[in-house]
>>> print(open('target-v8.cif').read())   # mmCIF, C-alpha atoms
data_coords
#
loop_
_atom_site.group_PDB
_atom_site.id
_atom_site.type_symbol
_atom_site.label_atom_id
_atom_site.label_comp_id
_atom_site.auth_asym_id
_atom_site.auth_seq_id
_atom_site.Cartn_x
_atom_site.Cartn_y
_atom_site.Cartn_z
ATOM 1 C CA MET A 2 43.534 73.158 12.886
ATOM 2 C CA SER A 3 46.478 74.573 14.812
ATOM 3 C CA TYR A 4 49.160 76.863 13.457
ATOM 4 C CA GLN A 5 52.016 79.022 14.695
ATOM 5 C CA ILE A 6 51.588 82.672 15.646
ATOM 6 C CA PRO A 7 54.201 85.185 16.850
ATOM 7 C CA CYS A 8 54.160 86.021 20.567
ATOM 8 C CA SER A 9 55.463 89.577 20.234
ATOM 9 C CA PRO A 10 56.998 91.923 17.637
ATOM 10 C CA VAL A 11 60.660 91.768 16.654
ATOM 11 C CA VAL A 12 62.813 94.086 14.546
ATOM 12 C CA THR A 13 65.856 92.776 12.685
ATOM 13 C CA GLU A 14 68.247 94.242 10.126
ATOM 14 C CA THR A 15 70.007 92.607 7.183
ATOM 15 C CA GLU A 16 72.202 93.993 4.403
ATOM 16 C CA ASP A 17 72.645 93.096 0.741
ATOM 17 C CA ARG A 18 75.170 94.989 -1.429
ATOM 18 C CA LYS A 19 74.939 98.024 0.866
ATOM 19 C CA SER A 20 71.131 98.148 0.824
ATOM 20 C CA ARG A 21 69.738 97.942 4.371
ATOM 21 C CA PHE A 22 66.599 95.907 5.057
ATOM 22 C CA ILE A 23 64.875 96.552 8.383
ATOM 23 C CA CYS A 24 62.122 94.039 9.122
ATOM 24 C CA TRP A 25 59.326 94.540 11.642
ATOM 25 C CA LEU A 26 57.462 91.259 12.214
ATOM 26 C CA GLY A 27 54.715 90.802 14.775
ATOM 27 C CA PRO A 28 51.306 89.450 15.731
ATOM 28 C CA VAL A 29 48.360 90.897 13.784
ATOM 29 C CA THR A 30 44.673 89.987 13.966
ATOM 30 C CA ASP A 31 43.260 93.176 12.459
ATOM 31 C CA LYS A 32 44.103 94.721 9.064
ATOM 32 C CA ALA A 33 43.448 98.273 10.280
ATOM 33 C CA ALA A 34 45.910 97.807 13.157
ATOM 34 C CA PHE A 35 48.519 96.542 10.679
ATOM 35 C CA LEU A 36 48.040 99.631 8.494
ATOM 36 C CA ARG A 37 48.514 101.824 11.571
ATOM 37 C CA GLN A 38 51.757 99.969 12.305
ATOM 38 C CA LEU A 39 52.852 100.608 8.712
ATOM 39 C CA GLU A 40 52.198 104.349 9.147
ATOM 40 C CA THR A 41 54.218 104.320 12.373
ATOM 41 C CA ILE A 42 57.147 102.724 10.557
ATOM 42 C CA ARG A 43 56.831 105.140 7.614
ATOM 43 C CA SER A 44 57.122 108.046 10.056
ATOM 44 C CA GLN A 45 60.001 106.318 11.894
ATOM 45 C CA TYR A 46 61.972 105.865 8.634
ATOM 46 C CA PRO A 47 60.710 108.744 6.449
ATOM 47 C CA ASP A 48 63.779 108.774 4.161
ATOM 48 C CA ALA A 49 63.645 105.040 3.330
ATOM 49 C CA SER A 50 63.271 103.928 -0.297
ATOM 50 C CA HIS A 51 60.464 101.386 0.259
ATOM 51 C CA HIS A 52 58.203 99.880 2.931
ATOM 52 C CA CYS A 53 57.075 96.493 1.584
ATOM 53 C CA THR A 54 54.488 94.405 3.410
ATOM 54 C CA ALA A 55 52.993 90.946 3.822
ATOM 55 C CA LEU A 56 49.989 90.064 5.972
ATOM 56 C CA VAL A 57 48.364 86.758 6.957
ATOM 57 C CA ILE A 58 45.335 86.817 9.245
ATOM 58 C CA GLY A 59 43.962 83.473 10.384
ATOM 59 C CA ASN A 60 45.104 79.977 9.495
ATOM 60 C CA PRO A 61 47.911 80.137 6.881
ATOM 61 C CA ASP A 62 46.382 77.074 5.175
ATOM 62 C CA ASN A 63 43.163 79.033 4.593
ATOM 63 C CA PRO A 64 43.676 82.690 5.602
ATOM 64 C CA GLU A 65 40.867 85.113 6.327
ATOM 65 C CA VAL A 66 43.120 87.885 4.977
ATOM 66 C CA MET A 67 46.226 87.399 2.821
ATOM 67 C CA GLN A 68 47.922 90.286 1.048
ATOM 68 C CA SER A 69 51.262 91.769 0.063
ATOM 69 C CA ASP A 70 52.538 95.054 -1.343
ATOM 70 C CA ASP A 71 55.756 95.862 -3.243
ATOM 71 C CA ASP A 72 55.572 99.610 -2.488
ATOM 72 C CA GLY A 73 57.211 100.627 -5.761
ATOM 73 C CA GLU A 74 59.690 97.761 -6.088
ATOM 74 C CA PRO A 75 59.356 95.740 -9.340
ATOM 75 C CA GLY A 76 56.129 93.707 -9.313
ATOM 76 C CA GLY A 77 56.403 90.459 -7.353
ATOM 77 C CA SER A 78 59.942 91.165 -6.146
ATOM 78 C CA ALA A 79 59.232 92.091 -2.517
ATOM 79 C CA GLY A 80 55.812 91.593 -0.918
ATOM 80 C CA ARG A 81 55.051 88.293 -2.650
ATOM 81 C CA PRO A 82 58.283 86.515 -1.559
ATOM 82 C CA MET A 83 57.701 87.796 1.985
ATOM 83 C CA LEU A 84 54.139 86.450 1.966
ATOM 84 C CA GLU A 85 55.164 83.110 0.448
ATOM 85 C CA LEU A 86 57.745 82.571 3.203
ATOM 86 C CA LEU A 87 55.208 83.254 5.966
ATOM 87 C CA LEU A 88 52.768 80.789 4.383
ATOM 88 C CA LYS A 89 55.486 78.180 3.804
ATOM 89 C CA GLN A 90 56.559 78.417 7.455
ATOM 90 C CA GLY A 91 52.939 77.933 8.561
ATOM 91 C CA VAL A 92 52.706 81.232 10.468
ATOM 92 C CA GLY A 93 49.329 82.941 10.833
ATOM 93 C CA ASN A 94 48.046 86.139 12.478
ATOM 94 C CA VAL A 95 51.283 87.772 11.383
ATOM 95 C CA GLY A 96 52.384 90.915 9.607
ATOM 96 C CA ALA A 97 55.779 91.766 8.146
ATOM 97 C CA ILE A 98 57.022 95.197 7.067
ATOM 98 C CA VAL A 99 60.426 95.429 5.414
ATOM 99 C CA THR A 100 61.912 98.914 5.116
ATOM 100 C CA ARG A 101 64.651 99.295 2.513
ATOM 101 C CA TYR A 102 67.386 101.887 2.370
ATOM 102 C CA PHE A 103 68.869 101.742 -1.140
ATOM 103 C CA GLY A 104 72.632 101.224 -1.063
ATOM 104 C CA GLY A 105 73.461 102.400 -4.577
ATOM 105 C CA THR A 106 73.635 98.992 -6.279
ATOM 106 C CA LYS A 107 70.614 97.607 -8.130
ATOM 107 C CA LEU A 108 69.869 94.061 -7.010
ATOM 108 C CA GLY A 109 67.678 92.958 -9.921
ATOM 109 C CA VAL A 110 64.371 91.160 -9.460
ATOM 110 C CA GLY A 111 65.982 87.892 -8.353
ATOM 111 C CA GLY A 112 68.255 89.697 -5.915
ATOM 112 C CA LEU A 113 65.346 91.692 -4.485
ATOM 113 C CA MET A 114 63.294 88.519 -3.995
ATOM 114 C CA ARG A 115 66.168 86.894 -2.088
ATOM 115 C CA ALA A 116 66.828 90.027 -0.028
ATOM 116 C CA TYR A 117 63.207 90.585 1.040
ATOM 117 C CA ARG A 118 62.649 86.883 1.724
ATOM 118 C CA GLY A 119 65.914 86.844 3.680
ATOM 119 C CA ALA A 120 64.864 89.858 5.760
ATOM 120 C CA VAL A 121 61.653 88.112 6.812
ATOM 121 C CA GLY A 122 63.528 84.849 7.376
ATOM 122 C CA ALA A 123 65.972 86.598 9.722
ATOM 123 C CA ALA A 124 63.057 88.081 11.672
ATOM 124 C CA LEU A 125 61.319 84.696 11.909
ATOM 125 C CA GLN A 126 64.496 83.205 13.394
ATOM 126 C CA GLN A 127 64.355 85.813 16.176
ATOM 127 C CA THR A 128 60.609 85.434 16.753
ATOM 128 C CA GLN A 129 59.172 83.336 19.544
ATOM 129 C CA LEU A 130 56.242 81.395 18.107
ATOM 130 C CA GLN A 131 53.386 79.718 19.936
ATOM 131 C CA ARG A 132 50.821 77.174 18.811
ATOM 132 C CA HIS A 133 47.382 78.609 18.161
ATOM 133 C CA VAL A 134 44.381 76.293 18.204
ATOM 134 C CA ALA A 135 41.032 77.520 16.952
ATOM 135 C CA VAL A 136 38.159 77.305 19.434
ATOM 136 C CA LEU A 137 34.810 75.796 18.464
ATOM 137 C CA HIS A 138 31.450 76.610 20.025
ATOM 138 C CA ARG A 139 28.750 73.917 20.140
ATOM 139 C CA ARG A 140 25.388 73.338 21.826
ATOM 140 C CA VAL A 141 24.749 69.895 23.273
ATOM 141 C CA CYS A 142 21.534 68.646 24.877
ATOM 142 C CA CYS A 143 21.099 65.555 27.022
ATOM 143 C CA GLY A 144 19.012 64.073 29.829
ATOM 144 C CA PHE A 145 19.535 65.193 33.440
ATOM 145 C CA ALA A 146 21.227 61.905 34.336
ATOM 146 C CA GLN A 147 23.846 62.463 31.617
ATOM 147 C CA GLU A 148 24.886 65.999 32.588
ATOM 148 C CA SER A 149 27.714 65.024 34.932
ATOM 149 C CA ARG A 150 29.063 62.545 32.382
ATOM 150 C CA LEU A 151 28.934 65.222 29.648
ATOM 151 C CA ARG A 152 30.770 67.714 31.871
ATOM 152 C CA PHE A 153 33.404 65.094 32.689
ATOM 153 C CA LEU A 154 34.005 64.337 28.991
ATOM 154 C CA LEU A 155 34.176 68.043 28.197
ATOM 155 C CA GLU A 156 36.823 68.598 30.867
ATOM 156 C CA GLN A 157 38.843 65.649 29.514
ATOM 157 C CA HIS A 158 38.916 67.420 26.120
ATOM 158 C CA ARG A 159 40.067 70.799 27.516
ATOM 159 C CA GLY A 160 36.623 72.319 26.985
ATOM 160 C CA HIS A 161 34.439 74.689 28.992
ATOM 161 C CA CYS A 162 30.737 75.076 29.609
ATOM 162 C CA GLU A 163 29.805 78.673 28.769
ATOM 163 C CA ALA A 164 26.110 78.463 29.667
ATOM 164 C CA VAL A 165 23.516 75.870 30.689
ATOM 165 C CA GLU A 166 19.717 75.787 30.317
ATOM 166 C CA TYR A 167 17.365 73.456 32.158
ATOM 167 C CA SER A 168 13.916 72.551 30.794
ATOM 168 C CA ASP A 169 12.701 69.042 30.036
ATOM 169 C CA ARG A 170 16.392 68.314 29.366
ATOM 170 C CA VAL A 171 19.781 69.950 29.878
ATOM 171 C CA CYS A 172 21.373 72.066 27.108
ATOM 172 C CA LEU A 173 24.972 73.220 27.444
ATOM 173 C CA ASN A 174 26.830 75.749 25.331
ATOM 174 C CA LEU A 175 30.365 74.434 24.991
ATOM 175 C CA SER A 176 33.690 75.829 23.820
ATOM 176 C CA LEU A 177 36.726 73.654 23.182
ATOM 177 C CA PRO A 178 39.831 73.403 20.985
ATOM 178 C CA GLU A 179 38.896 72.504 17.421
ATOM 179 C CA ASP A 180 41.249 69.523 17.344
ATOM 180 C CA GLN A 181 39.447 67.980 20.359
ATOM 181 C CA TRP A 182 35.966 68.094 18.814
ATOM 182 C CA PRO A 183 35.926 64.989 16.538
ATOM 183 C CA GLU A 184 36.712 62.606 19.411
ATOM 184 C CA LEU A 185 34.369 64.315 21.879
ATOM 185 C CA LYS A 186 31.567 64.431 19.325
ATOM 186 C CA ALA A 187 31.839 60.678 18.744
ATOM 187 C CA MET A 188 31.615 60.082 22.503
ATOM 188 C CA LEU A 189 28.599 62.371 22.879
ATOM 189 C CA VAL A 190 26.795 60.674 20.014
ATOM 190 C CA ALA A 191 27.487 57.308 21.664
ATOM 191 C CA GLU A 192 25.957 58.712 24.880
ATOM 192 C CA GLY A 193 22.801 59.679 22.953
ATOM 193 C CA CYS A 194 23.301 63.432 23.215
ATOM 194 C CA GLN A 195 21.812 65.828 20.663
ATOM 195 C CA ILE A 196 24.388 68.108 19.032
ATOM 196 C CA ASP A 197 23.837 71.446 17.313
ATOM 197 C CA ASP A 198 26.784 71.805 14.903
ATOM 198 C CA THR A 199 25.572 75.115 13.535
ATOM 199 C CA ARG A 200 26.491 77.203 16.552
#
>>> encode(input="target-v8.cif", output="structure tokens")
Amino acid sequence: MSYQIPCSPVVTETEDRKSRFICWLGPVTDKAAFLRQLETIRSQYPDASHHCTALVIGNPDNPEVMQSDDDGEPGGSAGRPMLELLLKQGVGNVGAIVTRYFGGTKLGVGGLMRAYRGAVGAALQQTQLQRHVAVLHRRVCCGFAQESRLRFLLEQHRGHCEAVEYSDRVCLNLSLPEDQWPELKAMLVAEGCQIDDTR
């Protein structure tokens, strides 16, 4: 499955009843790297009231990592709305950190939810997104006479041959976009190729 990922980090600022919300939003594929980014932002804004976070690693429909943190705000009023917006927008491999400077007026739980969601929404509007397609790896074996046909079909489906072994037959290790595999697999089966789906 494909999903959207951010191309590069952005920083935006919004305001709600004199509270400032500074949102860092950027590409993340590693939780440890995200935590390092959080520490950088904490040191950049040491006098801020809160640094709330949301993180989605992998496909937002079925994330490898999905977490949020309210950092002292009332439970569910900050990190969760941020996370829900990222998931709703179908963005994966993304982290968001919203730094709040308290403006003197309490916003209430509903107001906080809107403000934190709005901060992430403003950052998403400024973010350039690109389509990410997962890559599959498969092993396919065929007769020598079929190799050129197999390579042709693979190229037609934006795939690559990573390695090839010759014995009594030809075995190729393939990589290709996940969304191309169902059609290619059907063609390979029709050609009489043997497919290892476990790789």
>>> residues_around(input="target-v8.cif", residues="Asp198 in chain A", least_positions_apart="3", cutoff="10 Å", atoms="only C-alpha atoms", output="list in words")
Leu137, His138, Arg139, Arg140, Val141, Lys186 and Gln195 of chain A
>>> closest_residue(input="target-v8.cif", among="A:Ala135, A:Leu130, A:Leu173, A:Ala191", to="Val92 in chain A", atoms="all atoms listed in the file")
A:Leu130
>>> atom_distance(input="target-v8.cif", atom1="CA of Ser78 in chain A", atom2="CA of Cys53 in chain A")
9.8 Å
>>> resolve_selection(input="target-v8.cif", expression="the PyMOL selection byres ((chain A and resi 90) around 10)", output="MDAnalysis selection string")
chainID A and resid 4:5 61 85:89 91:93 122 125
>>> residues_around(input="target-v8.cif", residues="range 24-33 of chain A", least_positions_apart="3", cutoff="6 Å", atoms="all atoms listed in the file", output="ChimeraX atom specification")
/A:7,9-13,36,58,94-99
>>> residues_around(input="target-v8.cif", residues="range 159-166 of chain A", least_positions_apart="4", cutoff="7 Å", atoms="all atoms listed in the file", output="ChimeraX atom specification")
/A:155,171-178
>>> residues_around(input="target-v8.cif", residues="Gly76 in chain A", least_positions_apart="5", cutoff="12 Å", atoms="all atoms listed in the file", output="number ranges by chain")
A: 53, 69-71, 81-82, 109-111, 113-114
>>> closest_residue(input="target-v8.cif", among="A:Ser20, A:Thr100, A:Ala79, A:Glu74", to="Asp48 in chain A", atoms="only C-alpha atoms")
A:Thr100
>>> closest_residue(input="target-v8.cif", among="A:Gly119, A:Gly80, A:Gly105, A:Pro75", to="Ile23 in chain A", atoms="all atoms listed in the file")
A:Gly119
>>> residues_around(input="target-v8.cif", residues="Ala120 in chain A", least_positions_apart="4", cutoff="7 Å", atoms="only C-alpha atoms", output="list of chain:residue names")
A:Thr15, A:Phe22, A:Cys24, A:Ala116, A:Ala124
>>> closest_residue(input="target-v8.cif", among="A:Ala123, A:Val134, A:Phe35, A:Gly144", to="Asp180 in chain A", atoms="all atoms listed in the file")
A:Val134
>>> atom_distance(input="target-v8.cif", atom1="CA of Pro183 in chain A", atom2="CA of Ser168 in chain A")
27.3 Å
>>> atom_distance(input="target-v8.cif", atom1="CA of Leu84 in chain A", atom2="CA of Val136 in chain A")
25.4 Å
>>> closest_residue(input="target-v8.cif", among="A:Asn63, A:Leu39, A:Glu179, A:Leu189", to="His133 in chain A", atoms="all atoms listed in the file")
A:Glu179
>>> decode(input="target-v8.cif", residues="range 86-109 of chain A", atoms="N, CA and C atoms", output="PDB file, in the first residue's frame")
ATOM      1  N   LEU A  86      -4.973  13.420  13.814  1.00  0.00           N
ATOM      2  CA  LEU A  86      -4.961  14.201  12.571  1.00  0.00           C
ATOM      3  C   LEU A  86      -3.982  13.601  11.567  1.00  0.00           C
ATOM      4  N   LEU A  87      -2.791  13.216  12.040  1.00  0.00           N
ATOM      5  CA  LEU A  87      -1.812  12.601  11.137  1.00  0.00           C
ATOM      6  C   LEU A  87      -2.371  11.328  10.507  1.00  0.00           C
ATOM      7  N   LEU A  88      -3.029  10.502  11.331  1.00  0.00           N
ATOM      8  CA  LEU A  88      -3.614   9.255  10.819  1.00  0.00           C
ATOM      9  C   LEU A  88      -4.753   9.545   9.845  1.00  0.00           C
ATOM     10  N   LYS A  89      -5.598  10.511  10.197  1.00  0.00           N
ATOM     11  CA  LYS A  89      -6.735  10.864   9.336  1.00  0.00           C
ATOM     12  C   LYS A  89      -6.277  11.375   7.973  1.00  0.00           C
ATOM     13  N   GLN A  90      -5.157  12.115   7.972  1.00  0.00           N
ATOM     14  CA  GLN A  90      -4.624  12.660   6.718  1.00  0.00           C
ATOM     15  C   GLN A  90      -3.819  11.629   5.935  1.00  0.00           C
ATOM     16  N   GLY A  91      -3.635  10.427   6.510  1.00  0.00           N
ATOM     17  CA  GLY A  91      -2.934   9.364   5.803  1.00  0.00           C
ATOM     18  C   GLY A  91      -1.450   9.619   5.638  1.00  0.00           C
ATOM     19  N   VAL A  92      -0.826  10.237   6.672  1.00  0.00           N
ATOM     20  CA  VAL A  92       0.606  10.543   6.605  1.00  0.00           C
ATOM     21  C   VAL A  92       1.362   9.561   7.495  1.00  0.00           C
ATOM     22  N   GLY A  93       2.390   8.930   6.940  1.00  0.00           N
ATOM     23  CA  GLY A  93       3.219   8.002   7.688  1.00  0.00           C
ATOM     24  C   GLY A  93       4.660   8.467   7.739  1.00  0.00           C
ATOM     25  N   ASN A  94       5.493   7.746   8.497  1.00  0.00           N
ATOM     26  CA  ASN A  94       6.903   8.122   8.685  1.00  0.00           C
ATOM     27  C   ASN A  94       7.015   9.598   9.031  1.00  0.00           C
ATOM     28  N   VAL A  95       6.233  10.001  10.041  1.00  0.00           N
ATOM     29  CA  VAL A  95       6.138  11.419  10.382  1.00  0.00           C
ATOM     30  C   VAL A  95       6.141  11.600  11.897  1.00  0.00           C
ATOM     31  N   GLY A  96       6.772  12.674  12.324  1.00  0.00           N
ATOM     32  CA  GLY A  96       6.732  13.061  13.729  1.00  0.00           C
ATOM     33  C   GLY A  96       6.303  14.505  13.833  1.00  0.00           C
ATOM     34  N   ALA A  97       5.563  14.811  14.909  1.00  0.00           N
ATOM     35  CA  ALA A  97       5.145  16.192  15.166  1.00  0.00           C
ATOM     36  C   ALA A  97       5.442  16.527  16.623  1.00  0.00           C
ATOM     37  N   ILE A  98       6.045  17.688  16.834  1.00  0.00           N
ATOM     38  CA  ILE A  98       6.329  18.192  18.179  1.00  0.00           C
ATOM     39  C   ILE A  98       5.745  19.593  18.259  1.00  0.00           C
ATOM     40  N   VAL A  99       4.808  19.783  19.175  1.00  0.00           N
ATOM     41  CA  VAL A  99       4.197  21.102  19.346  1.00  0.00           C
ATOM     42  C   VAL A  99       4.639  21.672  20.694  1.00  0.00           C
ATOM     43  N   THR A 100       5.338  22.790  20.624  1.00  0.00           N
ATOM     44  CA  THR A 100       5.830  23.500  21.800  1.00  0.00           C
ATOM     45  C   THR A 100       4.843  24.607  22.143  1.00  0.00           C
ATOM     46  N   ARG A 101       4.405  24.635  23.407  1.00  0.00           N
ATOM     47  CA  ARG A 101       3.431  25.649  23.812  1.00  0.00           C
ATOM     48  C   ARG A 101       4.044  26.624  24.810  1.00  0.00           C
ATOM     49  N   TYR A 102       3.833  27.911  24.514  1.00  0.00           N
ATOM     50  CA  TYR A 102       4.107  28.965  25.476  1.00  0.00           C
ATOM     51  C   TYR A 102       2.760  29.456  26.000  1.00  0.00           C
ATOM     52  N   PHE A 103       2.509  29.247  27.281  1.00  0.00           N
ATOM     53  CA  PHE A 103       1.224  29.602  27.890  1.00  0.00           C
ATOM     54  C   PHE A 103       1.014  31.110  27.861  1.00  0.00           C
ATOM     55  N   GLY A 104      -0.161  31.533  27.406  1.00  0.00           N
ATOM     56  CA  GLY A 104      -0.438  32.958  27.249  1.00  0.00           C
ATOM     57  C   GLY A 104      -1.210  33.588  28.376  1.00  0.00           C
ATOM     58  N   GLY A 105      -1.507  32.811  29.434  1.00  0.00           N
ATOM     59  CA  GLY A 105      -2.192  33.394  30.589  1.00  0.00           C
ATOM     60  C   GLY A 105      -3.659  33.058  30.666  1.00  0.00           C
ATOM     61  N   THR A 106      -4.233  32.531  29.574  1.00  0.00           N
ATOM     62  CA  THR A 106      -5.654  32.167  29.565  1.00  0.00           C
ATOM     63  C   THR A 106      -5.783  30.660  29.390  1.00  0.00           C
ATOM     64  N   LYS A 107      -6.480  30.007  30.322  1.00  0.00           N
ATOM     65  CA  LYS A 107      -6.686  28.561  30.204  1.00  0.00           C
ATOM     66  C   LYS A 107      -7.653  28.286  29.047  1.00  0.00           C
ATOM     67  N   LEU A 108      -7.303  27.290  28.252  1.00  0.00           N
ATOM     68  CA  LEU A 108      -8.102  26.996  27.053  1.00  0.00           C
ATOM     69  C   LEU A 108      -9.147  25.912  27.303  1.00  0.00           C
ATOM     70  N   GLY A 109      -9.006  25.160  28.387  1.00  0.00           N
ATOM     71  CA  GLY A 109      -9.921  24.039  28.615  1.00  0.00           C
ATOM     72  C   GLY A 109      -9.535  22.871  27.711  1.00  0.00           C
TER      73      GLY A 109
END
